[in-house]
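The next block holds one structure in the form of structure tokens; read it before the comments.
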Amino acid sequence: MIEVSGLTKQYGARTVVDDVSFTLEPGTVTGFLGPNGAGKTTTMRMMTGLVPATAGSASFDGRAYPGLPNPGAVVGTLLDASAVHPGRTGRTHLRLLASVVGVPAARVEEVLGMVGLTAAAGRRIGGYSLGMRQRLGIAGALLADPPVLVFDEPANGLDPEGIRWMRDLLRGHAARGGTVLLSSHLLGEVESTVDRLLVIGAGRVVADGPVGDLLGGDGAAVRATDPAALARALETAGFHVQHGSDGALVAPGAEPGQVGAVAAAAGLVLTDLRPVRRGIEDLFFQLTAAT
Ligand SMILES: Nc1ncnc2c1ncn2[C@@H]1O[C@H](COP(=O)(O)OP(=O)(O)OP(=O)(O)O)[C@@H](O)[C@H]1O
């Protein structure tokens with residue numbers, strides 16, 4: 001288990017991470033979400049000893065990262081994918097890392113295959129695309145098959161296929177009992193990957209809980225062949241009805257099943273029915289307005 005307790009970082013008079021505490025359980029993927037500058041990277045860097053904390057602590061099964069005998073075998077980090085020597089090939093870079101974390105060179109070929117870089121392994125990193133650099137960074141994090149992965153904005157530069165691949169990788173890791181923390185400023189990027197959201201704003205944790213609880217159904221959007229009749233039926237059934245900008249009707253607070261039942265009872269034909277979920281931006285503004 002990972003325990004972060006009261007982590008705080010001040011740069012001069014500015015507190016950029018303010019008393020951040022959370023725990024991460026094995027078998028889960030946690031999304032660390034917040035807008036640019038919220039303090040995600042700084043928190044992750046403090047957790048992994050890259051920057052000293054002004055106050056507070058982070059421990060991995062009871063030990064601080066710098067105190068781990070072989071940190072790379074416990075925590076795989078993706079914290080700055082550009083911090084690699086551009087003149088080296090991907091393979092050389094990983095072989096150097098492998099010697100640091102104490103894994104055989106054969107493992108380099110395995111992780112190159114896992115991240116889809118086998119064909120590009122002999123090329124210089126300077127010629128890699130951003131997505132390829134991300135994949136190389138992920139390969140490095142996976143080298144020692146660590147139980148914990150701490151990834152900062154891993155979707156950066158990845159195309160939709162790459163994002164799907166990463167989701168499978170991280171979900172697979174958690175399914176095998178691993179612990180994953182991944183940051184993003186876009187909910188859509190991580191929504192289907194994570195079990196839990198940890199939302200940070202202006203250096204403080206503003207929400208922490210299962211995705212469904214934080215972003216649960218907030219209403220239903222519906223289209224019908226006779227929208228006016230549907231609007232009347234919904235209002236008669238006690239739902240408030242709004243006209244969405246895209247022509248759909250929106251019933252705040254309604255479950256799609258309730259809307260479907262009203263339509264069925266009124267003999268109306270629906271052409272589209274889906275839950276409306278508030279985005280991270282709405283959630284974020286609501287949470288920060290409340291604090
Ligand atoms: N070395 C530093 N010196 C001074 N201020 C810093 C330093 N590093 C980060 N900050 C500031 O700390 C705040 C939090 O930055 P951080 O990179 O942790 O945010 P973030 O949530 O990761 O944002 P992003 O999504 O933009 O990466 C920002 O205002 C940033 O300017």
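Chain labels run A, B, ... following the order of the structure tokens; each chain numbers its residues from 1, and ligands are numbered from 1 in the order shown.
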Within-6 Å residues of ligand 1, basis only C-alpha atoms and all ligand atoms, as a count of residues only: 11
Residues within 9 Å of region 177-184 of chain A, only C-alpha atoms, excluding chain neighbours under 4 positions, as a PyMOL selection string: chain A and resi 1-2+24-35+40-41+44+146-156+170-173+189-190+194
Residue subset to file, keeping N, CA and C atoms, as a short mmCIF file (atom, residue, chain, number, x, y, z; two decimals), in the first residue's frame:
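Full text of result.cif as output:
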data_model
loop_
_atom_site.label_atom_id
_atom_site.label_comp_id
_atom_site.auth_asym_id
_atom_site.auth_seq_id
_atom_site.Cartn_x
_atom_site.Cartn_y
_atom_site.Cartn_z
N MET A 1 0.84 -1.21 0.00
CA MET A 1 0.00 0.00 0.00
C MET A 1 0.88 1.26 0.00
N ILE A 2 0.36 2.28 -0.65
CA ILE A 2 1.11 3.53 -0.72
C ILE A 2 0.37 4.56 0.15
N LEU A 24 -3.17 4.54 -1.72
CA LEU A 24 -3.41 3.81 -2.96
C LEU A 24 -3.35 2.32 -2.64
N GLU A 25 -4.38 1.60 -3.06
CA GLU A 25 -4.47 0.17 -2.74
C GLU A 25 -4.03 -0.66 -3.92
N PRO A 26 -3.42 -1.83 -3.64
CA PRO A 26 -3.09 -2.74 -4.74
C PRO A 26 -4.36 -3.16 -5.51
N GLY A 27 -4.19 -3.38 -6.79
CA GLY A 27 -5.32 -3.82 -7.61
C GLY A 27 -6.18 -2.68 -8.12
N THR A 28 -5.71 -1.45 -7.94
CA THR A 28 -6.53 -0.32 -8.40
C THR A 28 -5.72 0.63 -9.30
N VAL A 29 -6.46 1.30 -10.17
CA VAL A 29 -5.89 2.37 -10.97
C VAL A 29 -6.54 3.67 -10.49
N THR A 30 -5.72 4.58 -10.02
CA THR A 30 -6.24 5.87 -9.53
C THR A 30 -5.87 6.97 -10.51
N GLY A 31 -6.83 7.75 -10.90
CA GLY A 31 -6.59 8.89 -11.78
C GLY A 31 -6.36 10.13 -10.93
N PHE A 32 -5.23 10.78 -11.17
CA PHE A 32 -4.87 11.99 -10.41
C PHE A 32 -5.19 13.16 -11.34
N LEU A 33 -6.30 13.81 -11.08
CA LEU A 33 -6.81 14.79 -12.03
C LEU A 33 -6.80 16.20 -11.51
N GLY A 34 -6.53 17.10 -12.41
CA GLY A 34 -6.60 18.50 -12.02
C GLY A 34 -6.12 19.34 -13.20
N PRO A 35 -6.48 20.61 -13.20
CA PRO A 35 -6.06 21.46 -14.32
C PRO A 35 -4.55 21.71 -14.31
N LYS A 40 -0.02 18.26 -9.64
CA LYS A 40 0.06 16.80 -9.84
C LYS A 40 1.52 16.34 -9.98
N THR A 41 2.23 16.99 -10.90
CA THR A 41 3.61 16.57 -11.14
C THR A 41 4.46 16.75 -9.89
N MET A 44 3.80 13.95 -7.50
CA MET A 44 4.43 12.70 -7.92
C MET A 44 5.95 12.75 -7.78
N PRO A 146 7.84 -3.65 -11.80
CA PRO A 146 7.54 -3.18 -10.44
C PRO A 146 6.03 -3.27 -10.15
N PRO A 147 5.68 -3.51 -8.88
CA PRO A 147 4.26 -3.59 -8.54
C PRO A 147 3.54 -2.24 -8.62
N VAL A 148 4.29 -1.15 -8.52
CA VAL A 148 3.66 0.17 -8.49
C VAL A 148 4.07 0.96 -9.74
N LEU A 149 3.10 1.59 -10.37
CA LEU A 149 3.40 2.46 -11.51
C LEU A 149 2.90 3.86 -11.20
N VAL A 150 3.78 4.85 -11.36
CA VAL A 150 3.41 6.25 -11.16
C VAL A 150 3.70 6.96 -12.48
N PHE A 151 2.64 7.25 -13.20
CA PHE A 151 2.77 7.79 -14.56
C PHE A 151 2.18 9.20 -14.63
N ASP A 152 2.99 10.16 -15.06
CA ASP A 152 2.52 11.54 -15.20
C ASP A 152 2.12 11.79 -16.65
N GLU A 153 0.87 12.05 -16.87
CA GLU A 153 0.34 12.34 -18.21
C GLU A 153 0.82 11.33 -19.26
N PRO A 154 0.62 10.04 -19.03
CA PRO A 154 1.16 9.05 -19.99
C PRO A 154 0.49 9.12 -21.36
N ALA A 155 -0.68 9.71 -21.44
CA ALA A 155 -1.38 9.76 -22.73
C ALA A 155 -0.82 10.84 -23.65
N ASN A 156 0.04 11.71 -23.11
CA ASN A 156 0.62 12.78 -23.93
C ASN A 156 1.26 12.24 -25.19
N LEU A 170 -2.42 -0.72 -18.26
CA LEU A 170 -2.60 -0.32 -16.87
C LEU A 170 -3.67 -1.15 -16.17
N ARG A 171 -4.75 -1.44 -16.91
CA ARG A 171 -5.81 -2.28 -16.32
C ARG A 171 -5.26 -3.68 -16.05
N GLY A 172 -4.45 -4.19 -16.98
CA GLY A 172 -3.85 -5.51 -16.82
C GLY A 172 -2.93 -5.53 -15.60
N HIS A 173 -2.20 -4.44 -15.43
CA HIS A 173 -1.28 -4.35 -14.29
C HIS A 173 -2.07 -4.41 -12.96
N GLU A 189 -9.59 11.26 -21.03
CA GLU A 189 -8.43 10.43 -21.32
C GLU A 189 -8.32 9.24 -20.37
N VAL A 190 -8.77 9.43 -19.14
CA VAL A 190 -8.52 8.40 -18.12
C VAL A 190 -9.81 7.78 -17.56
N VAL A 194 -9.61 4.32 -15.05
CA VAL A 194 -9.40 4.39 -13.60
C VAL A 194 -10.59 3.86 -12.80
#
Contacts of region 258-260 of chain A within 8 Å, only C-alpha atoms, excl. fewer than 2 positions in-chain, as a list in words: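 Neighbouring residues, sequence-local ones excluded: Ala220, Val222, Leu234, Ala254, Glu255, Pro256, Val262, Ala263, Ala264, Leu270 and Leu273 of chain A.
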Next, the residues of the selection above should be written as a compact mmCIF listing (two decimals), in the first residue's frame with C-alpha atoms.
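Writing done, so here's selection-v3.txt:
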# COMPACT_ATOMS: atom_id res chain seq x y z
CA ALA A 220 -30.43 11.77 -19.32
CA VAL A 222 -33.00 11.77 -25.18
CA LEU A 234 -41.70 13.67 -18.98
CA ALA A 254 -33.28 11.35 -14.46
CA GLU A 255 -31.88 7.90 -15.10
CA PRO A 256 -32.07 6.77 -18.74
CA VAL A 262 -42.04 7.21 -19.46
CA ALA A 263 -41.64 7.01 -23.23
CA ALA A 264 -42.84 3.40 -23.35
CA LEU A 270 -36.99 7.07 -28.93
CA LEU A 273 -31.12 7.81 -25.04
Point-to-point distance from CA of Met166 (chain A) to CA of Ala144 (chain A), Å rounded to tenths: 17.9 Å
Spatial neighbours of region 111-125 of chain A, 10 Å, only C-alpha atoms, chain gap at least 3 places, as an MDAnalysis selection string: chainID A and resid 82 84:94 106:108 128:129 132:145 162 165:166 169
Å distance separating CA of Gly12 (chain A) from CA of Leu79 (chain A), one decimal place: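 CA of Gly12 (chain A) sits 23.2 Å away from CA of Leu79 (chain A).
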Backbone-only DSSP, strand (DSSP E) members of region 50-261 of chain A, as JSON, numbers by chain: {"A": [55, 56, 57, 58, 59, 60, 75, 76, 77, 78, 148, 149, 150, 151, 152, 179, 180, 181, 182, 183, 184, 196, 197, 198, 199, 200, 201, 204, 205, 206, 207, 208, 209, 210, 219, 220, 221, 222, 223, 224, 242, 243, 249, 250, 251, 252]}
Output C-alpha atoms for every residue in the selection just made, as an mmCIF file, in the first residue's frame.
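Once written, selection_1.cif looks like this:
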data_model
loop_
_atom_site.group_PDB
_atom_site.id
_atom_site.type_symbol
_atom_site.label_atom_id
_atom_site.label_comp_id
_atom_site.auth_asym_id
_atom_site.auth_seq_id
_atom_site.Cartn_x
_atom_site.Cartn_y
_atom_site.Cartn_z
ATOM 1 C CA ALA A 55 6.532 18.773 4.789
ATOM 2 C CA GLY A 56 4.801 15.414 4.844
ATOM 3 C CA SER A 57 5.803 11.989 3.625
ATOM 4 C CA ALA A 58 5.087 9.220 1.131
ATOM 5 C CA SER A 59 5.703 5.544 1.796
ATOM 6 C CA PHE A 60 5.599 2.382 -0.249
ATOM 7 C CA VAL A 75 8.010 1.810 -8.412
ATOM 8 C CA GLY A 76 8.038 2.320 -12.167
ATOM 9 C CA THR A 77 7.897 6.015 -12.936
ATOM 10 C CA LEU A 78 7.075 8.023 -16.011
ATOM 11 C CA VAL A 148 3.663 0.175 -8.491
ATOM 12 C CA LEU A 149 3.400 2.463 -11.508
ATOM 13 C CA VAL A 150 3.415 6.253 -11.159
ATOM 14 C CA PHE A 151 2.774 7.791 -14.561
ATOM 15 C CA ASP A 152 2.518 11.537 -15.197
ATOM 16 C CA THR A 179 -1.052 -0.309 -8.009
ATOM 17 C CA VAL A 180 -1.299 2.484 -10.544
ATOM 18 C CA LEU A 181 -1.390 6.257 -10.169
ATOM 19 C CA LEU A 182 -1.754 8.188 -13.385
ATOM 20 C CA SER A 183 -2.211 11.888 -13.799
ATOM 21 C CA SER A 184 -4.109 13.769 -16.420
ATOM 22 C CA ARG A 196 -10.938 5.986 -8.531
ATOM 23 C CA LEU A 197 -10.381 9.696 -8.946
ATOM 24 C CA LEU A 198 -8.214 11.907 -6.847
ATOM 25 C CA VAL A 199 -8.959 15.476 -7.869
ATOM 26 C CA ILE A 200 -6.511 18.248 -7.042
ATOM 27 C CA GLY A 201 -6.971 21.976 -7.444
ATOM 28 C CA ARG A 204 -5.214 20.715 -2.469
ATOM 29 C CA VAL A 205 -7.163 17.475 -2.788
ATOM 30 C CA VAL A 206 -10.731 18.537 -3.535
ATOM 31 C CA ALA A 207 -12.277 15.105 -4.166
ATOM 32 C CA ASP A 208 -11.283 11.493 -3.678
ATOM 33 C CA GLY A 209 -13.562 8.585 -4.458
ATOM 34 C CA PRO A 210 -14.811 5.999 -6.924
ATOM 35 C CA GLY A 219 -29.379 13.224 -16.015
ATOM 36 C CA ALA A 220 -30.428 11.769 -19.325
ATOM 37 C CA ALA A 221 -30.344 13.123 -22.871
ATOM 38 C CA VAL A 222 -33.002 11.770 -25.179
ATOM 39 C CA ARG A 223 -34.263 12.131 -28.735
ATOM 40 C CA ALA A 224 -37.654 11.036 -29.959
ATOM 41 C CA GLN A 242 -34.437 21.255 -20.884
ATOM 42 C CA HIS A 243 -33.814 21.635 -24.580
ATOM 43 C CA LEU A 249 -34.085 16.871 -24.621
ATOM 44 C CA VAL A 250 -32.227 16.766 -21.331
ATOM 45 C CA ALA A 251 -33.858 15.613 -18.101
ATOM 46 C CA PRO A 252 -31.542 16.572 -15.216
#
From A:Gly203, A:Gly49, A:Gly127, A:Pro160, residue lying nearest Ser21 (chain A) [only C-alpha atoms]: A:Gly203
Secondary structure check, alpha helix (DSSP H) residues of region 51-134 of chain A, as an NGL selection string: :A and (71-74 or 90-101 or 105-115 or 130-134)
Counting only C-alpha atoms, the residue of A:Ala261, A:Val211, A:Val101, A:Ala83 that sits nearest Asn70 (chain A): A:Val101
Residue with smallest distance to Tyr65 (chain A) - pool A:Asp272, A:Glu3, A:Asp213, A:Glu110, counting only C-alpha atoms: A:Glu3
